[in-house]
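Asks: Structure provided below as structure tokens; questions to follow.
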Amino acid sequence: AELRKASKRLSCHKRYKIQKKIREHHRKVRKEAKKRGHKKPKKDPGVPSAAPFKEELLREAEQRKQRLEELKKKQKLNRQKEHEKKRKLEAKKNAAKTKEKAEGKESSGKSKGKTKKPLNKNSKKSFCRELNKVLEASDVVLEVLDARDPMGCRCPQLEQAVISSGGNKKLLLVLNKIDLVPKDNLEKWLNYLKKEFPTVAFKSATLMKDKTVEQLPKRRGRVDLSKPSQCFGTKCLLKLLQEHGKTQNKAIQVGVVGFPNVGKSSIINSLKGARACNVSIARGVTKSMQIVHIDKQMKMLDSPSIIADPSNSALALALRSIIDTEEPGSADVLGSVNAIINNCSKQQVMMQYSMPDFRNPEEFLSLLAQKRGMLKKGGVPDIENIAKLVLCDWTGGKISYHSEPPGSQTPPPPHLTEQKIAEMQEGFNLKNLEEENSNTVQALKYPSPASSIIFQSAGMANGTIEENKVIEEGSKWKNMERTKEEEEEEEEEEEEEFTESDDNEDDMEEEENEEESKVLEKQQANPANSEEQMAEGEHSTSLSFSLDKPAEEDDAYDFNTDYV
């Protein structure tokens, strides 16, 4: 049984007894107060109305009050001025100390010699440095392309750097995410790209277990090939690299490079058969060079993504630049979604998202947010978060879209000559490569051309590989901070001038008061002369007043000139 709370009810006898005690206590307190003779403070009776000179006395009292208030204000202002002067002196001393310290550090730094500052891992310069490390260390470079937009994933600066490096360095193209494009489109792209570089069709394993990739069971005769955990093209790529390694008579290092979200790390994981590298939908997860041993004769070098040049088109920057979708400021995300939707067929986008007709990308985002229930307070569509989701769909492997390859009449890029193409293709068995590619193409299931969105590619995307050419966003903020500091210094100088002028004005006022007091004394001594001087003063003031008037008021009647 649960315990009940104690009741607060009392018997009448007890309640009356308490009330009686309280009354007695109050009576006792009142008696003691009477004995002590406690008196209330008397009010100021003021000046009685019968008193002579009452008005004069009241006036004097008010004047005394005003004087005291003015004195207090002056004292307060003086204290404030002294406090400001002290603060400025302290600020100047601190500035001088910091300058001395900075000069001392510079002198010590010069004596010790110049030392390089460690770069932030998330900075673009560190990405370029790590990418250059991978390019220098690798014997074979794999440029990973997204099969949905292969031309947009190619970087002419990277290809030129590999070709001009010399030392029998080879460049291979790996066409990844081939399961997201129609079969005819994939075959067209393979036929186009193999004319320039050896191209491998690849589909990396997307679903990884903690340590190993899910192995296919051997008992089954037929397997559902659309499962995301299966990878295709691994045997073809490994065979191609191993054959090249045998011709070199040494253990080769293979660098994997490309723009963000093309699947560099997932290719290495597929070749290794385990989750050796971190993989994510977010861009720029790999921040430094990572070495993965495939076998005794081969090492894979994972690299950070190529940084897209700001001179690229809005579409290229939307799909290829490193945009942090977790940041609160989503101007980049909204701009990139606008660029993507403007370069697609509206009807196909409506079919893909099963949406009604829309006039512009903003309306599309608001309709999609309402459909998916992504709303803020008051039922306002959450456009920022829905834009992030759409961008992740397009850069990840969720949406199927494809771009058409250039025509046969279009010439190859300027950095590729026939001699360079022959050098890159030398040492590889291209016939076996074609057969293996055709096998992987036949093994996969593809989306139908009707369900895949036709996409207008922006062409090759320029990238910055040299560390010196990278423009960091932080440099802009530094310039802003410098300008702010300069403005603050100017404000301080103006304040100093203002306080000096205030002091001068105070001195001038004191001098004028002294002169006025002298004039009054003279007037008391010679009242006749003083009247004449007053009249002269009035006349001079009237003249000055008339001179200061504008031209329009000249005709107006001047009362100062009226004679009595």
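The way I read the labels, and the way they are meant: chains A, B, ... in the order of the structure tokens, residue 1 as the first residue of every chain, and ligand 1 as the first ligand shown, with later ones counted on from there.
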Could you tell me, as a PyMOL selection string, which residues of range 228-391 of chain A DSSP assigns to strand (DSSP E or B) when given the backbone?
Replies: chain A and resi 232+252-257+274+290-295+298-302+307-308+344+375+381
Asks: Could you please take those selected residues and save N, CA, C and O atoms as a compact mmCIF listing (two decimals), in the first residue's frame?
Replies:
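What landed in again-v8.txt:
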```
# COMPACT_ATOMS: atom_id res chain seq x y z
N PHE A 232 32.73 -4.90 -60.69
CA PHE A 232 33.06 -5.42 -62.02
C PHE A 232 34.23 -4.64 -62.59
O PHE A 232 34.34 -3.43 -62.38
N ILE A 252 55.53 -1.86 -59.01
CA ILE A 252 55.04 -0.56 -59.49
C ILE A 252 54.12 0.09 -58.46
O ILE A 252 53.47 -0.59 -57.66
N GLN A 253 54.08 1.42 -58.55
CA GLN A 253 53.17 2.21 -57.71
C GLN A 253 52.13 2.86 -58.61
O GLN A 253 52.48 3.53 -59.59
N VAL A 254 50.86 2.66 -58.27
CA VAL A 254 49.76 3.14 -59.10
C VAL A 254 49.03 4.26 -58.35
O VAL A 254 48.45 4.02 -57.29
N GLY A 255 49.06 5.46 -58.89
CA GLY A 255 48.35 6.61 -58.30
C GLY A 255 46.95 6.72 -58.84
O GLY A 255 46.74 6.62 -60.05
N VAL A 256 45.98 6.93 -57.95
CA VAL A 256 44.57 7.07 -58.35
C VAL A 256 44.19 8.53 -58.12
O VAL A 256 44.19 9.00 -56.98
N VAL A 257 43.87 9.22 -59.23
CA VAL A 257 43.57 10.67 -59.15
C VAL A 257 42.24 10.96 -59.83
O VAL A 257 41.74 10.16 -60.61
N ALA A 274 38.78 -5.18 -49.50
CA ALA A 274 38.50 -4.78 -48.11
C ALA A 274 38.39 -3.27 -48.04
O ALA A 274 38.80 -2.57 -48.97
N GLN A 290 47.59 8.14 -49.31
CA GLN A 290 47.45 6.91 -48.53
C GLN A 290 47.94 5.73 -49.37
O GLN A 290 47.51 5.58 -50.52
N ILE A 291 48.82 4.92 -48.81
CA ILE A 291 49.40 3.77 -49.55
C ILE A 291 48.67 2.50 -49.14
O ILE A 291 48.53 2.21 -47.95
N VAL A 292 48.20 1.75 -50.15
CA VAL A 292 47.49 0.48 -49.93
C VAL A 292 48.22 -0.60 -50.72
O VAL A 292 48.36 -0.48 -51.94
N HIS A 293 48.68 -1.66 -50.03
CA HIS A 293 49.40 -2.77 -50.69
C HIS A 293 48.38 -3.75 -51.27
O HIS A 293 47.61 -4.37 -50.52
N ILE A 294 48.40 -3.93 -52.60
CA ILE A 294 47.52 -4.91 -53.25
C ILE A 294 48.18 -6.28 -53.24
O ILE A 294 47.60 -7.28 -52.85
N ASP A 295 49.43 -6.34 -53.69
CA ASP A 295 50.25 -7.57 -53.61
C ASP A 295 51.72 -7.16 -53.55
O ASP A 295 52.04 -5.97 -53.41
N MET A 298 52.67 -4.63 -56.39
CA MET A 298 51.84 -3.46 -56.67
C MET A 298 51.38 -2.74 -55.40
O MET A 298 50.96 -3.39 -54.45
N LYS A 299 51.49 -1.41 -55.45
CA LYS A 299 50.97 -0.53 -54.39
C LYS A 299 50.03 0.49 -55.03
O LYS A 299 50.32 1.04 -56.09
N MET A 300 48.92 0.75 -54.34
CA MET A 300 47.98 1.77 -54.79
C MET A 300 48.14 3.01 -53.92
O MET A 300 48.22 2.91 -52.69
N LEU A 301 48.17 4.17 -54.57
CA LEU A 301 48.32 5.46 -53.84
C LEU A 301 47.02 6.25 -53.98
O LEU A 301 46.68 6.70 -55.09
N ASP A 302 46.30 6.37 -52.88
CA ASP A 302 45.07 7.17 -52.87
C ASP A 302 45.44 8.64 -52.69
O ASP A 302 46.32 8.97 -51.88
N ILE A 307 41.49 20.12 -57.38
CA ILE A 307 40.73 21.33 -57.05
C ILE A 307 40.32 22.00 -58.35
O ILE A 307 41.16 22.32 -59.20
N ALA A 308 39.02 22.20 -58.52
CA ALA A 308 38.48 22.84 -59.73
C ALA A 308 38.86 24.31 -59.75
O ALA A 308 38.80 25.00 -58.73
N CYS A 344 19.55 20.53 -67.84
CA CYS A 344 18.85 19.26 -68.05
C CYS A 344 17.50 19.52 -68.71
O CYS A 344 16.99 20.64 -68.69
N LEU A 375 9.77 20.93 -44.15
CA LEU A 375 9.20 22.26 -43.92
C LEU A 375 9.73 22.87 -42.63
O LEU A 375 10.03 22.15 -41.67
N PRO A 381 8.77 25.99 -46.93
CA PRO A 381 9.66 24.92 -47.41
C PRO A 381 11.12 25.19 -47.07
O PRO A 381 11.61 26.31 -47.22
```
Asks: Just list as a PDB file with N, CA, C and O atoms, in the first residue's frame whatever in range 133-216 of chain A DSSP marks as helix (DSSP H, G or I).
Replies:
```
ATOM      1  N   LYS A 133      52.616  14.908 -54.742  1.00  0.00           N
ATOM      2  CA  LYS A 133      53.377  13.773 -54.184  1.00  0.00           C
ATOM      3  C   LYS A 133      52.987  12.476 -54.875  1.00  0.00           C
ATOM      4  O   LYS A 133      53.838  11.666 -55.233  1.00  0.00           O
ATOM      5  N   VAL A 134      51.670  12.278 -55.041  1.00  0.00           N
ATOM      6  CA  VAL A 134      51.152  11.046 -55.675  1.00  0.00           C
ATOM      7  C   VAL A 134      51.626  10.969 -57.116  1.00  0.00           C
ATOM      8  O   VAL A 134      52.065   9.909 -57.590  1.00  0.00           O
ATOM      9  N   LEU A 135      51.554  12.085 -57.861  1.00  0.00           N
ATOM     10  CA  LEU A 135      51.962  12.105 -59.268  1.00  0.00           C
ATOM     11  C   LEU A 135      53.450  11.811 -59.428  1.00  0.00           C
ATOM     12  O   LEU A 135      53.859  11.120 -60.361  1.00  0.00           O
ATOM     13  N   GLU A 136      54.269  12.354 -58.511  1.00  0.00           N
ATOM     14  CA  GLU A 136      55.728  12.112 -58.576  1.00  0.00           C
ATOM     15  C   GLU A 136      56.071  10.663 -58.236  1.00  0.00           C
ATOM     16  O   GLU A 136      56.952  10.065 -58.859  1.00  0.00           O
ATOM     17  N   ALA A 137      55.375  10.102 -57.239  1.00  0.00           N
ATOM     18  CA  ALA A 137      55.730   8.751 -56.753  1.00  0.00           C
ATOM     19  C   ALA A 137      55.197   7.636 -57.645  1.00  0.00           C
ATOM     20  O   ALA A 137      55.751   6.527 -57.638  1.00  0.00           O
ATOM     21  N   MET A 151      33.649  13.484 -69.917  1.00  0.00           N
ATOM     22  CA  MET A 151      34.421  14.629 -70.398  1.00  0.00           C
ATOM     23  C   MET A 151      34.539  15.701 -69.314  1.00  0.00           C
ATOM     24  O   MET A 151      35.572  16.358 -69.199  1.00  0.00           O
ATOM     25  N   GLY A 152      33.500  15.855 -68.508  1.00  0.00           N
ATOM     26  CA  GLY A 152      33.540  16.834 -67.417  1.00  0.00           C
ATOM     27  C   GLY A 152      34.482  16.444 -66.298  1.00  0.00           C
ATOM     28  O   GLY A 152      34.875  17.295 -65.491  1.00  0.00           O
ATOM     29  N   CYS A 153      34.845  15.146 -66.220  1.00  0.00           N
ATOM     30  CA  CYS A 153      35.763  14.668 -65.162  1.00  0.00           C
ATOM     31  C   CYS A 153      37.225  14.674 -65.606  1.00  0.00           C
ATOM     32  O   CYS A 153      38.100  14.367 -64.802  1.00  0.00           O
ATOM     33  N   PRO A 156      42.610  18.644 -68.159  1.00  0.00           N
ATOM     34  CA  PRO A 156      43.716  18.782 -69.124  1.00  0.00           C
ATOM     35  C   PRO A 156      45.060  19.085 -68.459  1.00  0.00           C
ATOM     36  O   PRO A 156      46.109  18.645 -68.934  1.00  0.00           O
ATOM     37  N   GLN A 157      45.039  19.849 -67.349  1.00  0.00           N
ATOM     38  CA  GLN A 157      46.294  20.191 -66.650  1.00  0.00           C
ATOM     39  C   GLN A 157      46.960  18.938 -66.083  1.00  0.00           C
ATOM     40  O   GLN A 157      48.185  18.788 -66.154  1.00  0.00           O
ATOM     41  N   LEU A 158      46.140  18.037 -65.525  1.00  0.00           N
ATOM     42  CA  LEU A 158      46.672  16.785 -64.959  1.00  0.00           C
ATOM     43  C   LEU A 158      47.250  15.909 -66.067  1.00  0.00           C
ATOM     44  O   LEU A 158      48.372  15.383 -65.941  1.00  0.00           O
ATOM     45  N   GLU A 159      46.510  15.739 -67.159  1.00  0.00           N
ATOM     46  CA  GLU A 159      46.981  14.900 -68.259  1.00  0.00           C
ATOM     47  C   GLU A 159      48.278  15.439 -68.850  1.00  0.00           C
ATOM     48  O   GLU A 159      49.210  14.682 -69.141  1.00  0.00           O
ATOM     49  N   GLN A 160      48.349  16.759 -68.998  1.00  0.00           N
ATOM     50  CA  GLN A 160      49.559  17.392 -69.532  1.00  0.00           C
ATOM     51  C   GLN A 160      50.743  17.182 -68.591  1.00  0.00           C
ATOM     52  O   GLN A 160      51.868  16.928 -69.044  1.00  0.00           O
ATOM     53  N   ALA A 161      50.498  17.278 -67.272  1.00  0.00           N
ATOM     54  CA  ALA A 161      51.569  17.088 -66.282  1.00  0.00           C
ATOM     55  C   ALA A 161      52.120  15.661 -66.343  1.00  0.00           C
ATOM     56  O   ALA A 161      53.335  15.451 -66.243  1.00  0.00           O
ATOM     57  N   VAL A 162      51.237  14.676 -66.507  1.00  0.00           N
ATOM     58  CA  VAL A 162      51.677  13.272 -66.566  1.00  0.00           C
ATOM     59  C   VAL A 162      52.428  13.007 -67.858  1.00  0.00           C
ATOM     60  O   VAL A 162      53.480  12.345 -67.866  1.00  0.00           O
ATOM     61  N   ILE A 163      51.902  13.534 -68.978  1.00  0.00           N
ATOM     62  CA  ILE A 163      52.528  13.288 -70.287  1.00  0.00           C
ATOM     63  C   ILE A 163      53.902  13.932 -70.361  1.00  0.00           C
ATOM     64  O   ILE A 163      54.862  13.326 -70.843  1.00  0.00           O
ATOM     65  N   SER A 164      54.000  15.192 -69.842  1.00  0.00           N
ATOM     66  CA  SER A 164      55.282  15.924 -69.939  1.00  0.00           C
ATOM     67  C   SER A 164      56.285  15.522 -68.860  1.00  0.00           C
ATOM     68  O   SER A 164      57.429  15.983 -68.891  1.00  0.00           O
ATOM     69  N   SER A 165      55.886  14.693 -67.893  1.00  0.00           N
ATOM     70  CA  SER A 165      56.809  14.326 -66.801  1.00  0.00           C
ATOM     71  C   SER A 165      57.938  13.410 -67.269  1.00  0.00           C
ATOM     72  O   SER A 165      59.028  13.422 -66.705  1.00  0.00           O
ATOM     73  N   ILE A 178      29.583   2.693 -64.186  1.00  0.00           N
ATOM     74  CA  ILE A 178      29.010   2.370 -65.510  1.00  0.00           C
ATOM     75  C   ILE A 178      27.587   1.832 -65.404  1.00  0.00           C
ATOM     76  O   ILE A 178      26.872   1.765 -66.401  1.00  0.00           O
ATOM     77  N   ASP A 179      27.163   1.436 -64.199  1.00  0.00           N
ATOM     78  CA  ASP A 179      25.802   0.910 -64.024  1.00  0.00           C
ATOM     79  C   ASP A 179      24.747   2.006 -63.975  1.00  0.00           C
ATOM     80  O   ASP A 179      23.561   1.712 -63.878  1.00  0.00           O
ATOM     81  N   LEU A 180      25.165   3.282 -64.025  1.00  0.00           N
ATOM     82  CA  LEU A 180      24.222   4.402 -63.923  1.00  0.00           C
ATOM     83  C   LEU A 180      23.906   5.044 -65.274  1.00  0.00           C
ATOM     84  O   LEU A 180      23.216   6.063 -65.321  1.00  0.00           O
ATOM     85  N   LYS A 183      23.289   1.354 -71.761  1.00  0.00           N
ATOM     86  CA  LYS A 183      24.336   0.506 -72.356  1.00  0.00           C
ATOM     87  C   LYS A 183      24.901   1.131 -73.641  1.00  0.00           C
ATOM     88  O   LYS A 183      26.130   1.156 -73.840  1.00  0.00           O
ATOM     89  N   ASP A 184      24.057   1.642 -74.518  1.00  0.00           N
ATOM     90  CA  ASP A 184      24.509   2.238 -75.784  1.00  0.00           C
ATOM     91  C   ASP A 184      25.421   3.429 -75.533  1.00  0.00           C
ATOM     92  O   ASP A 184      26.442   3.595 -76.214  1.00  0.00           O
ATOM     93  N   ASN A 185      25.053   4.259 -74.548  1.00  0.00           N
ATOM     94  CA  ASN A 185      25.853   5.439 -74.213  1.00  0.00           C
ATOM     95  C   ASN A 185      27.236   5.033 -73.700  1.00  0.00           C
ATOM     96  O   ASN A 185      28.244   5.660 -74.049  1.00  0.00           O
ATOM     97  N   LEU A 186      27.294   3.978 -72.880  1.00  0.00           N
ATOM     98  CA  LEU A 186      28.569   3.485 -72.330  1.00  0.00           C
ATOM     99  C   LEU A 186      29.489   3.004 -73.451  1.00  0.00           C
ATOM    100  O   LEU A 186      30.693   3.310 -73.459  1.00  0.00           O
ATOM    101  N   GLU A 187      28.926   2.230 -74.407  1.00  0.00           N
ATOM    102  CA  GLU A 187      29.739   1.718 -75.522  1.00  0.00           C
ATOM    103  C   GLU A 187      30.285   2.858 -76.377  1.00  0.00           C
ATOM    104  O   GLU A 187      31.436   2.805 -76.835  1.00  0.00           O
ATOM    105  N   LYS A 188      29.472   3.897 -76.581  1.00  0.00           N
ATOM    106  CA  LYS A 188      29.937   5.069 -77.346  1.00  0.00           C
ATOM    107  C   LYS A 188      31.127   5.735 -76.664  1.00  0.00           C
ATOM    108  O   LYS A 188      32.113   6.097 -77.304  1.00  0.00           O
ATOM    109  N   TRP A 189      31.018   5.901 -75.331  1.00  0.00           N
ATOM    110  CA  TRP A 189      32.100   6.557 -74.584  1.00  0.00           C
ATOM    111  C   TRP A 189      33.374   5.706 -74.588  1.00  0.00           C
ATOM    112  O   TRP A 189      34.477   6.245 -74.720  1.00  0.00           O
ATOM    113  N   LEU A 190      33.247   4.395 -74.464  1.00  0.00           N
ATOM    114  CA  LEU A 190      34.430   3.515 -74.503  1.00  0.00           C
ATOM    115  C   LEU A 190      35.131   3.604 -75.856  1.00  0.00           C
ATOM    116  O   LEU A 190      36.363   3.654 -75.937  1.00  0.00           O
ATOM    117  N   ASN A 191      34.344   3.634 -76.939  1.00  0.00           N
ATOM    118  CA  ASN A 191      34.918   3.751 -78.288  1.00  0.00           C
ATOM    119  C   ASN A 191      35.598   5.102 -78.487  1.00  0.00           C
ATOM    120  O   ASN A 191      36.616   5.187 -79.182  1.00  0.00           O
ATOM    121  N   TYR A 192      35.030   6.167 -77.873  1.00  0.00           N
ATOM    122  CA  TYR A 192      35.626   7.501 -78.013  1.00  0.00           C
ATOM    123  C   TYR A 192      36.921   7.621 -77.202  1.00  0.00           C
ATOM    124  O   TYR A 192      37.931   8.149 -77.700  1.00  0.00           O
ATOM    125  N   LEU A 193      36.909   7.164 -75.938  1.00  0.00           N
ATOM    126  CA  LEU A 193      38.065   7.372 -75.035  1.00  0.00           C
ATOM    127  C   LEU A 193      39.256   6.478 -75.377  1.00  0.00           C
ATOM    128  O   LEU A 193      40.398   6.854 -75.132  1.00  0.00           O
TER     129      LEU A 193
END
```
Asks: With distances taken over only C-alpha atoms, which residue among A:Glu404, A:Glu100, A:Asp309, A:Glu32 lies nearest Lys124 in chain A?
Replies: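 Looking only at the distances to Lys124 in chain A, the closest residue turns out to be A:Asp309.
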Asks: Tell me which of A:Val181, A:Ile341, A:Leu142, A:Ala282 sits closest to Lys169 in chain A, counting only C-alpha atoms.
Replies: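 Of the candidates, the smallest distance to Lys169 in chain A is held by A:Leu142.
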Asks: Tell me, in Å to one decimal, how far CA of Val380 in chain A is from CA of Leu319 in chain A.
Replies: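 Computing the Euclidean distance for CA of Val380 in chain A and CA of Leu319 in chain A yields 27.8 Å.
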Asks: I'd like the neighbourhood of Gly233 in chain A as a JSON list (two decimals) with C-alpha atoms, in the first residue's frame, where a residue qualifies if any of its atoms comes within 9 Å (using only C-alpha atoms), though same-chain residues fewer than 3 positions away should be ignored.
Replies:
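Wrote it out as out_25.json, contents follow:
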```json
[["chain", "number", "residue", "atom", "x", "y", "z"],
["A", 200, "VAL", "CA", 38.89, 0.36, -68.38],
["A", 201, "ALA", "CA", 35.15, -0.02, -67.71],
["A", 202, "PHE", "CA", 34.65, -0.35, -63.96],
["A", 203, "LYS", "CA", 31.88, -0.68, -61.41],
["A", 204, "SER", "CA", 33.16, -0.41, -57.84],
["A", 236, "CYS", "CA", 40.61, -6.58, -66.07],
["A", 237, "LEU", "CA", 42.35, -3.66, -64.29],
["A", 238, "LEU", "CA", 44.56, -5.89, -62.09],
["A", 436, "GLU", "CA", 37.50, -7.74, -70.94],
["A", 437, "ASN", "CA", 35.57, -4.46, -71.28],
["A", 439, "ASN", "CA", 32.58, -8.91, -70.90],
["A", 440, "THR", "CA", 31.95, -6.42, -68.08]]
```
